$ cat data-v9.cif   # mmCIF, C-alpha atoms
data_start
#
loop_
_atom_site.label_atom_id
_atom_site.label_comp_id
_atom_site.auth_asym_id
_atom_site.auth_seq_id
_atom_site.Cartn_x
_atom_site.Cartn_y
_atom_site.Cartn_z
CA MET A 1 22.14 50.90 1.53
CA LYS A 2 21.02 51.81 5.04
CA LYS A 3 23.24 54.42 6.70
CA ALA A 4 24.04 54.99 10.36
CA LEU A 5 25.74 58.10 11.73
CA LEU A 6 27.92 57.49 14.79
CA ILE A 7 29.00 60.70 16.49
CA ILE A 8 32.31 60.73 18.36
CA ALA A 9 34.21 63.44 20.20
CA PRO A 10 37.37 64.82 18.56
CA GLU A 11 39.31 63.70 21.66
CA ASN A 12 38.61 61.04 24.30
CA TYR A 13 35.74 59.17 22.66
CA HIS A 14 35.54 55.64 24.06
CA ASP A 15 37.25 53.29 21.58
CA ALA A 16 35.53 50.13 22.86
CA GLU A 17 32.08 51.72 22.71
CA LEU A 18 32.67 52.80 19.13
CA LYS A 19 34.02 49.39 18.10
CA GLY A 20 31.26 47.33 19.72
CA THR A 21 28.50 49.59 18.43
CA ARG A 22 29.93 49.90 14.92
CA ASP A 23 30.63 46.16 14.58
CA MET A 24 27.01 45.26 15.38
CA ILE A 25 25.57 47.96 13.10
CA VAL A 26 27.81 46.88 10.21
CA ASP A 27 26.85 43.23 10.85
CA ALA A 28 23.20 44.30 10.48
CA GLY A 29 23.91 45.66 6.99
CA PHE A 30 24.44 49.37 7.62
CA GLU A 31 27.07 51.64 6.15
CA VAL A 32 28.57 53.63 9.04
CA VAL A 33 29.52 57.31 8.73
CA LEU A 34 31.53 58.90 11.55
CA GLY A 35 30.64 62.42 12.59
CA SER A 36 32.36 64.81 14.98
CA SER A 37 32.60 68.52 15.76
CA GLN A 38 34.88 68.76 12.72
CA VAL A 39 36.05 66.56 9.87
CA GLY A 40 39.37 64.80 10.37
CA GLU A 41 41.28 62.72 12.88
CA CYS A 42 39.71 61.99 16.26
CA LYS A 43 41.65 60.47 19.16
CA GLY A 44 40.22 57.74 21.35
CA LYS A 45 40.61 57.51 25.10
CA LEU A 46 42.33 54.12 24.71
CA GLY A 47 44.79 55.28 22.04
CA GLY A 48 42.79 54.60 18.90
CA SER A 49 42.29 57.05 16.08
CA GLU A 50 39.39 57.46 13.65
CA GLY A 51 38.64 59.84 10.82
CA ALA A 52 35.41 61.81 11.12
CA GLN A 53 33.82 62.10 7.69
CA ILE A 54 31.27 64.81 8.46
CA ALA A 55 31.10 67.81 10.79
CA LEU A 56 27.96 68.02 12.94
CA LYS A 57 27.09 71.42 11.46
CA ASP A 58 26.75 69.70 8.06
CA VAL A 59 24.61 66.75 9.21
CA ASN A 60 21.23 66.35 7.51
CA VAL A 61 19.31 63.88 9.67
CA ASN A 62 17.29 62.78 6.61
CA ASP A 63 20.47 61.22 5.17
CA TYR A 64 20.61 58.56 7.93
CA ASN A 65 18.48 55.63 9.11
CA ARG A 66 20.08 55.59 12.60
CA ILE A 67 22.03 58.12 14.65
CA ALA A 68 23.98 57.46 17.84
CA PHE A 69 26.26 59.40 20.16
CA ILE A 70 29.28 57.42 21.41
CA GLY A 71 30.46 58.14 24.95
CA GLY A 72 33.77 58.67 26.65
CA ALA A 73 34.80 61.77 28.59
CA GLY A 74 35.21 63.75 25.37
CA SER A 75 31.50 63.54 24.57
CA ARG A 76 30.89 66.20 27.25
CA ILE A 77 31.69 68.78 24.55
CA TYR A 78 28.31 67.98 23.02
CA PHE A 79 26.25 68.68 26.18
CA ASP A 80 25.75 72.30 25.09
CA ASN A 81 26.65 72.01 21.40
CA PRO A 82 23.82 73.48 19.30
CA ASP A 83 24.52 71.13 16.37
CA ALA A 84 24.46 68.02 18.59
CA LEU A 85 21.24 69.14 20.28
CA ARG A 86 19.65 69.92 16.88
CA ILE A 87 20.57 66.47 15.57
CA ALA A 88 19.00 64.80 18.63
CA HIS A 89 15.81 66.89 18.26
CA GLU A 90 15.44 66.29 14.53
CA THR A 91 16.07 62.55 14.86
CA VAL A 92 13.26 62.26 17.40
CA ARG A 93 10.95 64.57 15.43
CA LEU A 94 11.44 62.39 12.33
CA ASN A 95 10.84 59.24 14.43
CA LYS A 96 14.20 57.72 13.51
CA PRO A 97 16.16 55.48 15.89
CA LEU A 98 18.43 57.52 18.16
CA GLY A 99 21.02 56.11 20.54
CA ALA A 100 23.52 57.22 23.15
CA ILE A 101 25.95 55.24 25.30
CA CYS A 102 27.98 55.90 28.48
CA ILE A 103 27.67 59.60 29.44
CA ALA A 104 26.29 60.51 26.01
CA PRO A 105 22.64 59.98 27.12
CA LEU A 106 23.15 63.32 28.90
CA ILE A 107 23.37 64.92 25.43
CA LEU A 108 19.85 63.57 24.77
CA ALA A 109 18.68 64.74 28.19
CA LYS A 110 20.02 68.25 27.61
CA ALA A 111 18.35 68.25 24.18
CA ARG A 112 15.16 67.57 26.17
CA VAL A 113 14.25 64.46 24.18
CA LEU A 114 14.23 62.15 27.22
CA GLU A 115 11.48 63.90 29.21
CA GLY A 116 9.15 61.21 30.57
CA ARG A 117 11.15 58.44 28.88
CA ARG A 118 13.01 55.52 30.38
CA ALA A 119 16.79 55.77 29.94
CA THR A 120 20.10 54.62 31.39
CA VAL A 121 23.52 56.24 31.63
CA TRP A 122 27.04 55.38 32.80
CA ASN A 123 26.75 54.54 36.46
CA GLY A 124 30.30 55.21 37.62
CA ASP A 125 28.91 57.86 39.93
CA SER A 126 25.47 59.16 40.85
CA GLU A 127 26.11 62.53 39.17
CA GLN A 128 25.06 61.20 35.74
CA GLN A 129 21.88 59.60 37.09
CA GLY A 130 20.96 62.85 38.83
CA GLU A 131 21.53 64.87 35.65
CA LEU A 132 19.40 62.45 33.62
CA GLU A 133 16.57 62.73 36.14
CA LYS A 134 16.92 66.53 36.35
CA TYR A 135 15.94 66.66 32.67
CA GLY A 136 12.88 64.46 33.22
CA ALA A 137 14.17 61.02 32.26
CA VAL A 138 13.22 57.94 34.26
CA TYR A 139 16.52 56.24 35.16
CA THR A 140 16.41 52.43 34.80
CA GLY A 141 19.92 51.36 35.80
CA ASP A 142 19.82 48.70 33.07
CA ASP A 143 22.75 48.01 30.72
CA VAL A 144 20.57 48.93 27.73
CA THR A 145 17.19 50.66 27.82
CA VAL A 146 14.77 51.13 24.93
CA ASP A 147 11.91 53.63 25.03
CA GLY A 148 10.19 53.95 21.68
CA MET A 149 12.86 54.76 19.11
CA ILE A 150 15.47 55.84 21.68
CA VAL A 151 18.15 53.43 22.94
CA THR A 152 20.50 54.29 25.80
CA ALA A 153 23.32 52.19 27.25
CA ASN A 154 25.54 52.47 30.29
CA GLY A 155 29.06 51.86 28.97
CA PRO A 156 31.66 49.75 27.19
CA PRO A 157 30.47 46.26 28.29
CA ALA A 158 27.04 47.07 26.80
CA ALA A 159 28.36 48.37 23.46
CA GLU A 160 27.59 45.28 21.37
CA GLU A 161 24.09 44.88 22.84
CA PHE A 162 23.56 48.62 22.28
CA GLY A 163 24.64 48.32 18.62
CA ARG A 164 22.46 45.27 18.00
CA THR A 165 19.46 46.94 19.64
CA LEU A 166 19.91 50.18 17.72
CA ALA A 167 20.20 48.27 14.45
CA SER A 168 17.06 46.24 15.17
CA LEU A 169 14.70 49.20 15.75
#

$ encode --input "data-v9.cif" --output "C-alpha cells"
Amino acid sequence: MKKALLIIAPENYHDAELKGTRDMIVDAGFEVVLGSSQVGECKGKLGGSEGAQIALKDVNVNDYNRIAFIGGAGSRIYFDNPDALRIAHETVRLNKPLGAICIAPLILAKARVLEGRRATVWNGDSEQQGELEKYGAVYTGDDVTVDGMIVTANGPPAAEEFGRTLASL
C-alpha cells in the first residue's frame, strides 16, 4: 500500500488542515502515518488530539510515497529543526512529492528547497510572504501552488485541494 507521512507539531497544529489533507490522501488510497518531534499525543489548535506514530529523527524518507508538513502556529518549531530540514531535503533529492500548508511552506524555504520555485504560504500577514521570498521562492498568492513535485497551500480552506493535489502527483 502507498504510504504518506503527515508531519504535525506536538502542540498547535491546525486540526482542519490535517483533517482536509488526510481525508483526501486516504480517499486516494494511501495509508497515512503521523509524524512529529516525538511519538505520542499531539494537541491541535482547535482542541483536537492525534497520536504521532513516528518521531522525525526516526523518519526514513524511502519508507513513504508522499510527505507533507501540516501548518498551524506550532509548526514554527520545525523552521530550524535539523530533522525536519533533512526530511525536506531528502524528499526533494529522491524526487518524491513534498507538501506544506499554511505557514509550513517556510519550513521548505528554510530547508532551501524552494529556491527559484513557485510557492504560496498563509497570507494572514506579509511577514510569511517576505520570508518565503527571502529564501528565493517566487510567491504566487494562490490557494494551492504546484512546482514540480512540491505542493504548497495557504491555509485551512485549501486543505482538501492541497490533499487531492499532493495525492495526484

$ resolve_selection --input "data-v9.cif" --expression "the PyMOL selection byres ((chain A and resi 70-82) around 8)" --output "ChimeraX atom specification"
/A:6-14,17-18,45,68-69,83-86,100-104,106-107,110,155

$ resolve_selection --input "data-v9.cif" --expression "the PyMOL selection byres ((chain A and resi 35-40) around 6)" --output "list in words"
Ile7, Ile8, Ala9, Leu34, Glu41, Gly51, Ala52, Gln53, Ile54, Ala55 and Leu56 of chain A

$ write_last_selection --input "data-v9.cif" --atoms "C-alpha atoms" --output "PDB file, in the frame of the given file"
ATOM      1  CA  ILE A   7      29.000  60.700  16.490  1.00  0.00           C
ATOM      2  CA  ILE A   8      32.310  60.730  18.360  1.00  0.00           C
ATOM      3  CA  ALA A   9      34.210  63.440  20.200  1.00  0.00           C
ATOM      4  CA  LEU A  34      31.530  58.900  11.550  1.00  0.00           C
ATOM      5  CA  GLU A  41      41.280  62.720  12.880  1.00  0.00           C
ATOM      6  CA  GLY A  51      38.640  59.840  10.820  1.00  0.00           C
ATOM      7  CA  ALA A  52      35.410  61.810  11.120  1.00  0.00           C
ATOM      8  CA  GLN A  53      33.820  62.100   7.690  1.00  0.00           C
ATOM      9  CA  ILE A  54      31.270  64.810   8.460  1.00  0.00           C
ATOM     10  CA  ALA A  55      31.100  67.810  10.790  1.00  0.00           C
ATOM     11  CA  LEU A  56      27.960  68.020  12.940  1.00  0.00           C
TER      12      LEU A  56
END

$ residues_around --input "data-v9.cif" --residues "Arg112 in chain A" --least-positions-apart "3" --cutoff "8 Å" --atoms "all atoms listed in the file" --output "list in words"
His89, Leu108, Ala109, Glu115 and Tyr135 of chain A

$ residues_around --input "data-v9.cif" --residues "Leu98 in chain A" --least-positions-apart "3" --cutoff "7 Å" --atoms "only C-alpha atoms" --output "PyMOL selection string"
chain A and resi 66-68+91+149-151

$ resolve_selection --input "data-v9.cif" --expression "the PyMOL selection byres ((chain A and resi 61) around 10)" --output "list in words"
Leu5, Asp58, Val59, Asn60, Asn62, Asp63, Tyr64, Asn65, Arg66, Ile67, Arg86, Ile87, Ala88, His89, Glu90, Thr91, Val92, Leu94 and Lys96 of chain A

$ atom_distance --input "data-v9.cif" --atom1 "CA of Phe162 in chain A" --atom2 "CA of Leu114 in chain A"
17.2 Å

$ atom_distance --input "data-v9.cif" --atom1 "CA of Trp122 in chain A" --atom2 "CA of Asp147 in chain A"
17.1 Å

$ closest_residue --input "data-v9.cif" --among "A:Gly124, A:Gly47, A:Pro105, A:Gly116" --to "Val144 in chain A" --atoms "all atoms listed in the file"
A:Pro105

$ residues_around --input "data-v9.cif" --residues "Met1 in chain A" --least-positions-apart "5" --cutoff "9 Å" --atoms "only C-alpha atoms" --output "count of residues only"
3

$ closest_residue --input "data-v9.cif" --among "A:Leu169, A:Lys57, A:Tyr139, A:Arg164" --to "Asp27 in chain A" --atoms "all atoms listed in the file"
A:Arg164

$ atom_distance --input "data-v9.cif" --atom1 "CA of Ala153 in chain A" --atom2 "CA of Val113 in chain A"
15.6 Å

$ residues_around --input "data-v9.cif" --residues "Gly20 in chain A" --least-positions-apart "3" --cutoff "9 Å" --atoms "all atoms listed in the file" --output "JSON, numbers by chain"
{"A": [15, 16, 17, 23, 24, 25, 156, 157, 158, 159, 160, 161, 162, 163]}

$ closest_residue --input "data-v9.cif" --among "A:Lys3, A:Arg93, A:Lys134, A:Arg117" --to "Val33 in chain A" --atoms "only C-alpha atoms"
A:Lys3

$ closest_residue --input "data-v9.cif" --among "A:Cys42, A:Leu166, A:Ala111, A:Gly136" --to "Ala4 in chain A" --atoms "all atoms listed in the file"
A:Leu166

$ decode --input "data-v9.cif" --residues "range 34-65 of chain A" --atoms "N, CA and C atoms" --output "mmCIF file, in the first residue's frame"
data_model
loop_
_atom_site.group_PDB
_atom_site.id
_atom_site.type_symbol
_atom_site.label_atom_id
_atom_site.label_comp_id
_atom_site.auth_asym_id
_atom_site.auth_seq_id
_atom_site.Cartn_x
_atom_site.Cartn_y
_atom_site.Cartn_z
ATOM 1 N N LEU A 34 1.313 9.510 10.942
ATOM 2 C CA LEU A 34 1.537 10.837 11.517
ATOM 3 C C LEU A 34 2.904 10.896 12.181
ATOM 4 N N GLY A 35 3.652 11.936 11.843
ATOM 5 C CA GLY A 35 4.955 12.153 12.451
ATOM 6 C C GLY A 35 4.960 13.454 13.224
ATOM 7 N N SER A 36 5.836 13.537 14.219
ATOM 8 C CA SER A 36 6.001 14.768 14.993
ATOM 9 C C SER A 36 7.400 14.758 15.603
ATOM 10 N N SER A 37 7.698 15.780 16.396
ATOM 11 C CA SER A 37 9.024 15.851 17.011
ATOM 12 C C SER A 37 9.252 14.667 17.950
ATOM 13 N N GLN A 38 8.170 14.102 18.460
ATOM 14 C CA GLN A 38 8.272 12.895 19.285
ATOM 15 C C GLN A 38 7.008 12.063 19.114
ATOM 16 N N VAL A 39 7.109 10.790 19.428
ATOM 17 C CA VAL A 39 5.960 9.889 19.362
ATOM 18 C C VAL A 39 5.010 10.232 20.505
ATOM 19 N N GLY A 40 3.716 10.122 20.247
ATOM 20 C CA GLY A 40 2.742 10.317 21.316
ATOM 21 C C GLY A 40 1.704 11.362 20.967
ATOM 22 N N GLU A 41 0.963 11.791 21.977
ATOM 23 C CA GLU A 41 -0.171 12.676 21.771
ATOM 24 C C GLU A 41 0.264 14.078 21.354
ATOM 25 N N CYS A 42 -0.421 14.593 20.334
ATOM 26 C CA CYS A 42 -0.217 15.955 19.854
ATOM 27 C C CYS A 42 -1.537 16.698 19.992
ATOM 28 N N LYS A 43 -1.474 17.961 20.353
ATOM 29 C CA LYS A 43 -2.683 18.761 20.595
ATOM 30 C C LYS A 43 -2.896 19.766 19.475
ATOM 31 N N GLY A 44 -4.108 19.757 18.916
ATOM 32 C CA GLY A 44 -4.447 20.687 17.859
ATOM 33 C C GLY A 44 -4.865 22.041 18.389
ATOM 34 N N LYS A 45 -4.701 23.028 17.536
ATOM 35 C CA LYS A 45 -5.069 24.410 17.853
ATOM 36 C C LYS A 45 -6.563 24.537 18.151
ATOM 37 N N LEU A 46 -7.387 23.690 17.512
ATOM 38 C CA LEU A 46 -8.838 23.773 17.665
ATOM 39 C C LEU A 46 -9.377 22.767 18.680
ATOM 40 N N GLY A 47 -8.476 22.157 19.466
ATOM 41 C CA GLY A 47 -8.915 21.259 20.528
ATOM 42 C C GLY A 47 -8.811 19.780 20.223
ATOM 43 N N GLY A 48 -8.436 19.438 19.009
ATOM 44 C CA GLY A 48 -8.295 18.032 18.651
ATOM 45 C C GLY A 48 -7.031 17.426 19.231
ATOM 46 N N SER A 49 -6.923 16.129 19.100
ATOM 47 C CA SER A 49 -5.756 15.420 19.614
ATOM 48 C C SER A 49 -5.474 14.248 18.673
ATOM 49 N N GLU A 50 -4.214 14.055 18.353
ATOM 50 C CA GLU A 50 -3.800 12.972 17.458
ATOM 51 C C GLU A 50 -2.559 12.311 18.035
ATOM 52 N N GLY A 51 -2.375 11.049 17.716
ATOM 53 C CA GLY A 51 -1.190 10.336 18.171
ATOM 54 C C GLY A 51 -0.153 10.250 17.065
ATOM 55 N N ALA A 52 1.004 10.850 17.308
ATOM 56 C CA ALA A 52 2.113 10.731 16.350
ATOM 57 C C ALA A 52 2.716 9.336 16.483
ATOM 58 N N GLN A 53 2.893 8.680 15.330
ATOM 59 C CA GLN A 53 3.374 7.301 15.329
ATOM 60 C C GLN A 53 4.881 7.204 15.149
ATOM 61 N N ILE A 54 5.512 8.285 14.664
ATOM 62 C CA ILE A 54 6.955 8.247 14.442
ATOM 63 C C ILE A 54 7.563 9.610 14.762
ATOM 64 N N ALA A 55 8.737 9.585 15.376
ATOM 65 C CA ALA A 55 9.480 10.816 15.656
ATOM 66 C C ALA A 55 10.278 11.182 14.405
ATOM 67 N N LEU A 56 10.404 12.477 14.134
ATOM 68 C CA LEU A 56 11.103 12.910 12.924
ATOM 69 C C LEU A 56 12.516 12.351 12.844
ATOM 70 N N LYS A 57 13.195 12.223 13.985
ATOM 71 C CA LYS A 57 14.570 11.701 13.968
ATOM 72 C C LYS A 57 14.632 10.275 13.419
ATOM 73 N N ASP A 58 13.518 9.554 13.464
ATOM 74 C CA ASP A 58 13.471 8.160 13.012
ATOM 75 C C ASP A 58 12.906 7.993 11.602
ATOM 76 N N VAL A 59 12.551 9.097 10.946
ATOM 77 C CA VAL A 59 11.933 9.013 9.618
ATOM 78 C C VAL A 59 12.968 8.640 8.558
ATOM 79 N N ASN A 60 12.645 7.584 7.797
ATOM 80 C CA ASN A 60 13.399 7.219 6.605
ATOM 81 C C ASN A 60 12.501 7.598 5.423
ATOM 82 N N VAL A 61 12.918 8.609 4.678
ATOM 83 C CA VAL A 61 12.106 9.128 3.572
ATOM 84 C C VAL A 61 11.756 8.023 2.572
ATOM 85 N N ASN A 62 12.621 7.044 2.412
ATOM 86 C CA ASN A 62 12.364 5.946 1.467
ATOM 87 C C ASN A 62 11.130 5.128 1.826
ATOM 88 N N ASP A 63 10.667 5.216 3.069
ATOM 89 C CA ASP A 63 9.504 4.445 3.514
ATOM 90 C C ASP A 63 8.170 5.047 3.064
ATOM 91 N N TYR A 64 8.207 6.258 2.460
ATOM 92 C CA TYR A 64 6.972 6.979 2.134
ATOM 93 C C TYR A 64 6.915 7.375 0.669
ATOM 94 N N ASN A 65 5.686 7.421 0.145
ATOM 95 C CA ASN A 65 5.454 7.864 -1.236
ATOM 96 C C ASN A 65 5.152 9.357 -1.304
#
